[in-house]
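Participant: I'm passing along data_29.pdb; it holds PDB, C-alpha atoms.
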ATOM      1  CA  MET A   1    -144.949  51.818 143.253
ATOM      2  CA  ASN A   2    -143.494  50.745 146.580
ATOM      3  CA  GLU A   3    -141.116  52.661 148.822
ATOM      4  CA  SER A   4    -138.097  50.519 147.930
ATOM      5  CA  ASP A   5    -138.538  51.370 144.236
ATOM      6  CA  ILE A   6    -138.574  55.093 144.986
ATOM      7  CA  LYS A   7    -135.449  54.799 147.087
ATOM      8  CA  ASN A   8    -133.552  53.130 144.272
ATOM      9  CA  LEU A   9    -132.310  56.033 142.159
ATOM     10  CA  ASP A  10    -128.710  54.940 142.597
ATOM     11  CA  GLY A  11    -126.579  56.027 139.641
ATOM     12  CA  LEU A  12    -129.450  57.669 137.764
ATOM     13  CA  LYS A  13    -128.159  60.712 135.885
ATOM     14  CA  ILE A  14    -130.562  63.605 136.296
ATOM     15  CA  GLY A  15    -130.548  67.155 134.994
ATOM     16  CA  PHE A  16    -132.329  69.416 137.475
ATOM     17  CA  ALA A  17    -133.443  72.688 135.883
ATOM     18  CA  LEU A  18    -134.816  75.651 137.811
ATOM     19  CA  CYS A  19    -136.873  78.502 136.377
ATOM     20  CA  GLY A  20    -137.879  81.758 138.013
ATOM     21  CA  SER A  21    -140.737  80.791 140.303
ATOM     22  CA  PHE A  22    -138.712  82.116 143.211
ATOM     23  CA  CYS A  23    -141.357  81.441 145.877
ATOM     24  CA  THR A  24    -140.900  77.691 145.329
ATOM     25  CA  PHE A  25    -137.085  77.604 145.297
ATOM     26  CA  SER A  26    -136.823  76.308 148.865
ATOM     27  CA  LYS A  27    -139.139  73.380 148.071
ATOM     28  CA  ALA A  28    -137.281  72.700 144.835
ATOM     29  CA  LEU A  29    -133.920  72.611 146.602
ATOM     30  CA  GLU A  30    -135.326  70.214 149.183
ATOM     31  CA  GLN A  31    -136.197  67.857 146.337
ATOM     32  CA  LEU A  32    -132.821  68.337 144.682
ATOM     33  CA  GLN A  33    -131.159  67.307 147.942
ATOM     34  CA  HIS A  34    -133.608  64.398 148.346
ATOM     35  CA  LEU A  35    -132.751  63.029 144.887
ATOM     36  CA  ILE A  36    -129.061  63.135 145.778
ATOM     37  CA  GLU A  37    -129.809  61.295 149.036
ATOM     38  CA  LEU A  38    -131.650  58.657 146.991
ATOM     39  CA  GLY A  39    -128.463  58.057 144.997
ATOM     40  CA  ALA A  40    -129.043  60.133 141.867
ATOM     41  CA  ASP A  41    -126.194  61.923 140.114
ATOM     42  CA  VAL A  42    -127.684  65.424 139.751
ATOM     43  CA  THR A  43    -126.459  68.221 137.475
ATOM     44  CA  PRO A  44    -128.030  71.670 138.032
ATOM     45  CA  ILE A  45    -129.316  73.925 135.250
ATOM     46  CA  MET A  46    -130.772  77.409 135.698
ATOM     47  CA  SER A  47    -132.601  79.845 133.464
ATOM     48  CA  PHE A  48    -131.063  83.279 132.997
ATOM     49  CA  HIS A  49    -133.559  84.848 135.414
ATOM     50  CA  ALA A  50    -133.329  82.097 138.029
ATOM     51  CA  ALA A  51    -129.548  82.484 138.151
ATOM     52  CA  SER A  52    -129.407  86.282 138.235
ATOM     53  CA  ILE A  53    -132.399  87.914 139.955
ATOM     54  CA  ASP A  54    -132.425  88.793 143.651
ATOM     55  CA  THR A  55    -135.872  88.619 145.285
ATOM     56  CA  ARG A  56    -137.447  88.758 148.736
ATOM     57  CA  PHE A  57    -136.945  84.990 148.856
ATOM     58  CA  GLY A  58    -133.157  85.290 148.641
ATOM     59  CA  THR A  59    -130.296  86.454 146.473
ATOM     60  CA  ALA A  60    -129.299  84.765 143.245
ATOM     61  CA  GLU A  61    -125.801  84.324 144.600
ATOM     62  CA  SER A  62    -127.016  82.512 147.711
ATOM     63  CA  PHE A  63    -129.204  80.128 145.726
ATOM     64  CA  CYS A  64    -126.491  79.418 143.165
ATOM     65  CA  SER A  65    -123.957  78.807 145.902
ATOM     66  CA  ARG A  66    -126.232  76.383 147.725
ATOM     67  CA  ILE A  67    -127.080  74.496 144.530
ATOM     68  CA  SER A  68    -123.411  74.101 143.632
ATOM     69  CA  GLN A  69    -122.622  72.900 147.155
ATOM     70  CA  LEU A  70    -125.444  70.355 147.149
ATOM     71  CA  THR A  71    -124.531  68.863 143.782
ATOM     72  CA  GLY A  72    -120.775  69.406 143.838
ATOM     73  CA  LYS A  73    -121.070  70.649 140.259
ATOM     74  CA  ASN A  74    -121.010  73.883 138.317
ATOM     75  CA  ILE A  75    -124.424  75.118 137.235
ATOM     76  CA  ILE A  76    -125.259  74.983 133.535
ATOM     77  CA  ARG A  77    -126.410  78.563 132.986
ATOM     78  CA  THR A  78    -125.772  79.327 129.298
ATOM     79  CA  ILE A  79    -127.359  78.094 126.097
ATOM     80  CA  GLU A  80    -123.930  77.051 124.839
ATOM     81  CA  ASP A  81    -123.322  74.841 127.860
ATOM     82  CA  ALA A  82    -126.800  73.272 127.636
ATOM     83  CA  GLU A  83    -126.560  72.353 123.940
ATOM     84  CA  PRO A  84    -124.278  69.267 124.390
ATOM     85  CA  ILE A  85    -126.747  67.599 126.793
ATOM     86  CA  GLY A  86    -128.383  65.606 124.005
ATOM     87  CA  PRO A  87    -125.361  64.795 121.825
ATOM     88  CA  LYS A  88    -123.424  63.613 124.885
ATOM     89  CA  LYS A  89    -126.474  61.794 126.327
ATOM     90  CA  MET A  90    -125.714  63.402 129.655
ATOM     91  CA  PHE A  91    -128.963  62.541 131.474
ATOM     92  CA  ASP A  92    -131.387  59.659 131.882
ATOM     93  CA  ALA A  93    -134.059  62.185 132.830
ATOM     94  CA  LEU A  94    -134.394  65.956 132.843
ATOM     95  CA  ILE A  95    -136.492  67.663 135.514
ATOM     96  CA  ILE A  96    -137.787  71.226 135.299
ATOM     97  CA  CYS A  97    -138.604  72.169 138.881
ATOM     98  CA  PRO A  98    -140.065  74.723 139.188
ATOM     99  CA  CYS A  99    -141.377  75.200 135.672
ATOM    100  CA  THR A 100    -142.950  78.622 135.126
ATOM    101  CA  GLY A 101    -145.755  79.451 132.723
ATOM    102  CA  ASN A 102    -143.202  81.310 130.604
ATOM    103  CA  THR A 103    -141.008  78.220 130.176
ATOM    104  CA  LEU A 104    -144.086  76.034 129.678
ATOM    105  CA  ALA A 105    -145.178  78.260 126.772
ATOM    106  CA  LYS A 106    -141.735  78.089 125.210
ATOM    107  CA  LEU A 107    -141.618  74.298 125.464
ATOM    108  CA  ALA A 108    -145.083  73.992 123.931
ATOM    109  CA  ASN A 109    -144.157  76.259 121.024
ATOM    110  CA  GLY A 110    -140.612  75.068 120.321
ATOM    111  CA  ILE A 111    -138.883  78.252 121.504
ATOM    112  CA  THR A 112    -135.281  77.720 122.586
ATOM    113  CA  ASP A 113    -133.858  80.889 124.081
ATOM    114  CA  THR A 114    -132.783  79.955 127.630
ATOM    115  CA  PRO A 115    -130.470  77.314 129.118
ATOM    116  CA  VAL A 116    -133.538  75.399 130.368
ATOM    117  CA  THR A 117    -135.373  75.287 127.045
ATOM    118  CA  MET A 118    -132.156  74.370 125.254
ATOM    119  CA  ALA A 119    -131.556  71.604 127.798
ATOM    120  CA  ALA A 120    -135.043  70.212 127.114
ATOM    121  CA  LYS A 121    -134.700  70.457 123.334
ATOM    122  CA  SER A 122    -131.294  68.802 123.388
ATOM    123  CA  HIS A 123    -132.358  66.096 125.850
ATOM    124  CA  ILE A 124    -135.495  64.947 124.009
ATOM    125  CA  ARG A 125    -133.559  64.316 120.795
ATOM    126  CA  ASN A 126    -132.763  60.976 122.470
ATOM    127  CA  SER A 127    -136.451  60.324 123.342
ATOM    128  CA  ARG A 128    -135.603  60.566 127.025
ATOM    129  CA  PRO A 129    -138.143  61.991 129.495
ATOM    130  CA  VAL A 130    -138.582  65.598 130.556
ATOM    131  CA  ILE A 131    -140.472  65.815 133.859
ATOM    132  CA  ILE A 132    -142.276  69.095 134.539
ATOM    133  CA  ALA A 133    -143.084  70.335 138.043
ATOM    134  CA  LEU A 134    -145.409  73.275 137.427
ATOM    135  CA  SER A 135    -145.556  76.504 139.376
ATOM    136  CA  THR A 136    -147.570  79.125 137.542
ATOM    137  CA  ASN A 137    -150.257  81.648 138.450
ATOM    138  CA  ASP A 138    -151.995  81.243 135.077
ATOM    139  CA  GLY A 139    -152.225  77.443 134.911
ATOM    140  CA  LEU A 140    -156.007  77.560 134.523
ATOM    141  CA  SER A 141    -155.966  80.493 132.102
ATOM    142  CA  ASN A 142    -153.308  81.297 129.479
ATOM    143  CA  SER A 143    -151.037  78.361 130.381
ATOM    144  CA  ALA A 144    -153.836  75.775 130.265
ATOM    145  CA  LYS A 145    -153.489  75.299 126.510
ATOM    146  CA  ASN A 146    -149.752  74.750 126.873
ATOM    147  CA  ILE A 147    -150.285  72.087 129.525
ATOM    148  CA  GLY A 148    -152.678  70.369 127.123
ATOM    149  CA  THR A 149    -150.183  70.596 124.284
ATOM    150  CA  LEU A 150    -147.355  69.047 126.285
ATOM    151  CA  LEU A 151    -149.574  66.290 127.684
ATOM    152  CA  ASN A 152    -149.957  65.171 124.078
ATOM    153  CA  CYS A 153    -146.238  65.387 123.273
ATOM    154  CA  LYS A 154    -143.966  62.394 123.483
ATOM    155  CA  SER A 155    -141.266  62.566 126.166
ATOM    156  CA  PHE A 156    -142.998  65.178 128.364
ATOM    157  CA  TYR A 157    -144.425  64.152 131.736
ATOM    158  CA  PHE A 158    -145.950  66.122 134.608
ATOM    159  CA  VAL A 159    -145.551  65.848 138.340
ATOM    160  CA  PRO A 160    -149.132  65.726 139.726
ATOM    161  CA  PHE A 161    -150.469  69.210 140.420
ATOM    162  CA  SER A 162    -153.350  71.086 141.998
ATOM    163  CA  GLN A 163    -154.670  74.574 142.695
ATOM    164  CA  ASP A 164    -152.345  75.912 145.371
ATOM    165  CA  ASP A 165    -154.653  78.718 146.596
ATOM    166  CA  PRO A 166    -158.117  78.338 144.997
ATOM    167  CA  TYR A 167    -159.754  81.382 146.572
ATOM    168  CA  LYS A 168    -156.997  83.985 146.459
ATOM    169  CA  LYS A 169    -155.371  82.717 143.223
ATOM    170  CA  PRO A 170    -158.095  80.691 141.443
ATOM    171  CA  ARG A 171    -156.085  80.172 138.234
ATOM    172  CA  SER A 172    -152.816  79.188 139.919
ATOM    173  CA  LEU A 173    -151.404  75.654 139.726
ATOM    174  CA  SER A 174    -148.507  74.086 141.573
ATOM    175  CA  ALA A 175    -147.011  70.612 141.462
ATOM    176  CA  ASP A 176    -146.675  68.478 144.564
ATOM    177  CA  PHE A 177    -142.879  68.479 144.607
ATOM    178  CA  ASN A 178    -142.878  65.555 147.054
ATOM    179  CA  GLU A 179    -144.150  63.360 144.204
ATOM    180  CA  LEU A 180    -141.067  64.066 142.096
ATOM    181  CA  PRO A 181    -139.123  60.793 142.716
ATOM    182  CA  GLU A 182    -142.123  58.644 141.820
ATOM    183  CA  ALA A 183    -142.930  60.821 138.795
ATOM    184  CA  ILE A 184    -139.364  60.320 137.548
ATOM    185  CA  LEU A 185    -139.511  56.543 137.844
ATOM    186  CA  ASN A 186    -142.872  56.459 136.059
ATOM    187  CA  ALA A 187    -141.566  58.679 133.266
ATOM    188  CA  LEU A 188    -138.508  56.462 132.773
ATOM    189  CA  ASN A 189    -140.996  53.660 132.076
ATOM    190  CA  GLY A 190    -142.987  55.839 129.663
ATOM    191  CA  ILE A 191    -145.860  56.344 132.122
ATOM    192  CA  GLN A 192    -147.561  59.572 133.143
ATOM    193  CA  MET A 193    -147.999  59.347 136.908
ATOM    194  CA  GLN A 194    -151.633  59.255 137.977
ATOM    195  CA  PRO A 195    -153.757  60.799 139.265
ATOM    196  CA  LEU A 196    -152.454  63.875 137.505
ATOM    197  CA  LEU A 197    -154.875  66.244 139.233
ATOM    198  CA  ILE A 198    -154.687  66.095 143.022
TER     199      ILE A 198
END
What does the file become when written as structure tokens?
Facilitator:
Amino acid sequence: MNESDIKNLDGLKIGFALCGSFCTFSKALEQLQHLIELGADVTPIMSFHAASIDTRFGTAESFCSRISQLTGKNIIRTIEDAEPIGPKKMFDALIICPCTGNTLAKLANGITDTPVTMAAKSHIRNSRPVIIALSTNDGLSNSAKNIGTLLNCKSFYFVPFSQDDPYKKPRSLSADFNELPEAILNALNGIQMQPLLI
């Protein structure tokens, strides 16, 4: 895929969902801003924890404020507000960035108890792509089976990922968030971006 293709996201309607991998929020927000710069119409979604927990990486209020400023939109942060995503066909693509092992497990097992999992469930009713950007410390242990499950499910696609710290955290996996625009365009064409493991 050439650079001009990646730059052409003009008018694409994207749901951008964040889960509670707080250490990757800065990278995720860089990509959210990048998608907007590429012309996408981005609507933010946050899990209950992502929208409410203060951590050493920043306060929930500061992150929510920045996300609303970047997108110019209110954040979808309740299950009730996420439910109409599918019936109203709100998005061409839904991104979960970062996607924690907890959310990954829920997606793999059909559990819908957060705004993010409801957004995914509602969105895929239209056979439209959900793009997952992993960030989980147990990607090569408990979450491995859930990655395998979703790789075999229609409408789910992964941003290429790798071990982010093989010696200190040998089971941890993290997506290369910089690959997100290309992963989206591939997913819209029904293609899992390759190589998946980087």
Participant: Considering all atoms listed in the file, tabulate each residue of segment 170-198 of chain A that lies at most 12 Å from segment 149-154 of chain A along with its nearest interatomic pair and the corresponding distance in Å to one decimal; arrange the rows by chain and ascending residue number and present them as a tab-separated table.
Facilitator:
residue	atom	partner	partner_atom	distance
A:Ala187	CA	A:Lys154	CA	10.7
A:Gly190	CA	A:Lys154	CA	9.1
A:Ile191	CA	A:Lys154	CA	10.7
A:Gln192	CA	A:Leu151	CA	8.9
A:Met193	CA	A:Leu151	CA	11.7
A:Leu196	CA	A:Leu151	CA	10.5
Participant: Looking at A:Ile85, A:Leu32, A:Ile124, A:Ile75, which one is nearest to Met46 of chain A, with distances taken over only C-alpha atoms?
Facilitator: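 Comparing A:Ile85, A:Leu32, A:Ile124, A:Ile75 against Met46 of chain A, the winner is A:Ile75.
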Participant: Can you pull out the residues contacting Val42 of chain A? Cut-off 9 Å, using only C-alpha atoms, and skip same-chain residues under 3 positions away; I want them as an NGL selection string.
Facilitator: :A and (12-16 or 32 or 35-36 or 71-73 or 91)
Participant: Quick one: write out the picked residues with C-alpha atoms as a short mmCIF file (atom, residue, chain, number, x, y, z; two decimals), in the frame of the given file?
Facilitator:
data_model
loop_
_atom_site.label_atom_id
_atom_site.label_comp_id
_atom_site.auth_asym_id
_atom_site.auth_seq_id
_atom_site.Cartn_x
_atom_site.Cartn_y
_atom_site.Cartn_z
CA LEU A 12 -129.45 57.67 137.76
CA LYS A 13 -128.16 60.71 135.88
CA ILE A 14 -130.56 63.60 136.30
CA GLY A 15 -130.55 67.16 134.99
CA PHE A 16 -132.33 69.42 137.48
CA LEU A 32 -132.82 68.34 144.68
CA LEU A 35 -132.75 63.03 144.89
CA ILE A 36 -129.06 63.14 145.78
CA THR A 71 -124.53 68.86 143.78
CA GLY A 72 -120.78 69.41 143.84
CA LYS A 73 -121.07 70.65 140.26
CA PHE A 91 -128.96 62.54 131.47
#
Participant: Within 10 Å of segment 29-31 of chain A, counting all atoms listed in the file, which residues show up once you throw out same-chain ones fewer than 6 positions away? Write them as a list in words, please.
Facilitator: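 Selected residues are Phe16, Leu18, Glu37, Phe63, Arg66, Ile67, Leu70, Cys97, Pro98, Phe177, Asn178, Glu179, Leu180 and Pro181 of chain A.
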Participant: Please evaluate the PyMOL selection byres ((chain A and resi 9) around 8) against the structure above and give the resulting residues as a list in words.
Facilitator: Ile6, Lys7, Asn8, Asp10, Gly11, Leu12, Leu35, Leu38, Gly39 and Ala40 of chain A
Participant: With only C-alpha atoms as the basis for distance, which of A:Thr103, A:Thr59, A:Thr117, A:Asn142 is at the shortest distance from Arg77 of chain A?
Facilitator: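 Of the candidates, the smallest distance to Arg77 of chain A is held by A:Thr117.
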Participant: Which residue gives the smallest distance to Phe25 of chain A among A:Pro44, A:Gly58, A:Pro87, A:Pro115, with all atoms listed in the file counted?
Facilitator: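 The closest residue to Phe25 of chain A is A:Gly58.
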Participant: Show which residues sit within 12 Å of Leu140 of chain A, as an mmCIF file with C-alpha atoms, in the coordinates of the input. Count only C-alpha atoms, and ignore same-chain residues fewer than 3 positions away.
Facilitator:
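Dumped to out.cif:
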data_model
loop_
_atom_site.group_PDB
_atom_site.id
_atom_site.type_symbol
_atom_site.label_atom_id
_atom_site.label_comp_id
_atom_site.auth_asym_id
_atom_site.auth_seq_id
_atom_site.Cartn_x
_atom_site.Cartn_y
_atom_site.Cartn_z
ATOM 1 C CA GLY A 101 -145.755 79.451 132.723
ATOM 2 C CA LEU A 134 -145.409 73.275 137.427
ATOM 3 C CA SER A 135 -145.556 76.504 139.376
ATOM 4 C CA THR A 136 -147.570 79.125 137.542
ATOM 5 C CA ASN A 137 -150.257 81.648 138.450
ATOM 6 C CA SER A 143 -151.037 78.361 130.381
ATOM 7 C CA ALA A 144 -153.836 75.775 130.265
ATOM 8 C CA LYS A 145 -153.489 75.299 126.510
ATOM 9 C CA ASN A 146 -149.752 74.750 126.873
ATOM 10 C CA ILE A 147 -150.285 72.087 129.525
ATOM 11 C CA GLY A 148 -152.678 70.369 127.123
ATOM 12 C CA PHE A 161 -150.469 69.210 140.420
ATOM 13 C CA SER A 162 -153.350 71.086 141.998
ATOM 14 C CA GLN A 163 -154.670 74.574 142.695
ATOM 15 C CA ASP A 164 -152.345 75.912 145.371
ATOM 16 C CA PRO A 166 -158.117 78.338 144.997
ATOM 17 C CA LYS A 169 -155.371 82.717 143.223
ATOM 18 C CA PRO A 170 -158.095 80.691 141.443
ATOM 19 C CA ARG A 171 -156.085 80.172 138.234
ATOM 20 C CA SER A 172 -152.816 79.188 139.919
ATOM 21 C CA LEU A 173 -151.404 75.654 139.726
ATOM 22 C CA SER A 174 -148.507 74.086 141.573
#
Participant: If I take atom CA of Phe22 of chain A and atom CA of Phe48 of chain A, how far is one from the other in Å, to one decimal?
Facilitator: 12.8 Å
Participant: Here is a test: counting all atoms listed in the file, which residue of A:Ala133, A:Ile184, A:Ala17, A:Ile53 is nearest to Ala119 of chain A?
Facilitator: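 Using all atoms listed in the file, the shortest distance to Ala119 of chain A belongs to A:Ala17.
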Participant: Record the distance separating atom CA of Ala60 of chain A and atom CA of Asp138 of chain A, expressed in Å with one decimal.
Facilitator: 24.4 Å
Participant: Check the smallest atom-to-atom distance from each of A:Gly139, A:Gln69, A:Ser127, A:Tyr157 to Ala105 of chain A using all atoms listed in the file, then report the winner.
Facilitator: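 Once distances to Ala105 of chain A are computed over all atoms listed in the file, the minimum belongs to A:Gly139.
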Participant: Take atom CA of Met118 of chain A and atom CA of Ser52 of chain A and report the distance between them in Å, one decimal.
Facilitator: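 Atom-to-atom, atom CA of Met118 of chain A to atom CA of Ser52 of chain A, that is 17.8 Å.
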Participant: When the PyMOL selection byres ((chain A and resi 112) around 12) is applied to the file above, which residues end up in the set, as a PyMOL selection string?
Facilitator: chain A and resi 47+78-80+82-83+102-111+113-122
Participant: Choose the residue, out of A:Asn126, A:Thr100, A:Gln194, A:Ser65, that has the smallest atom-to-atom separation from Ala51 of chain A; count all atoms listed in the file.
Facilitator: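 That would be A:Ser65, the residue with the smallest distance to Ala51 of chain A.
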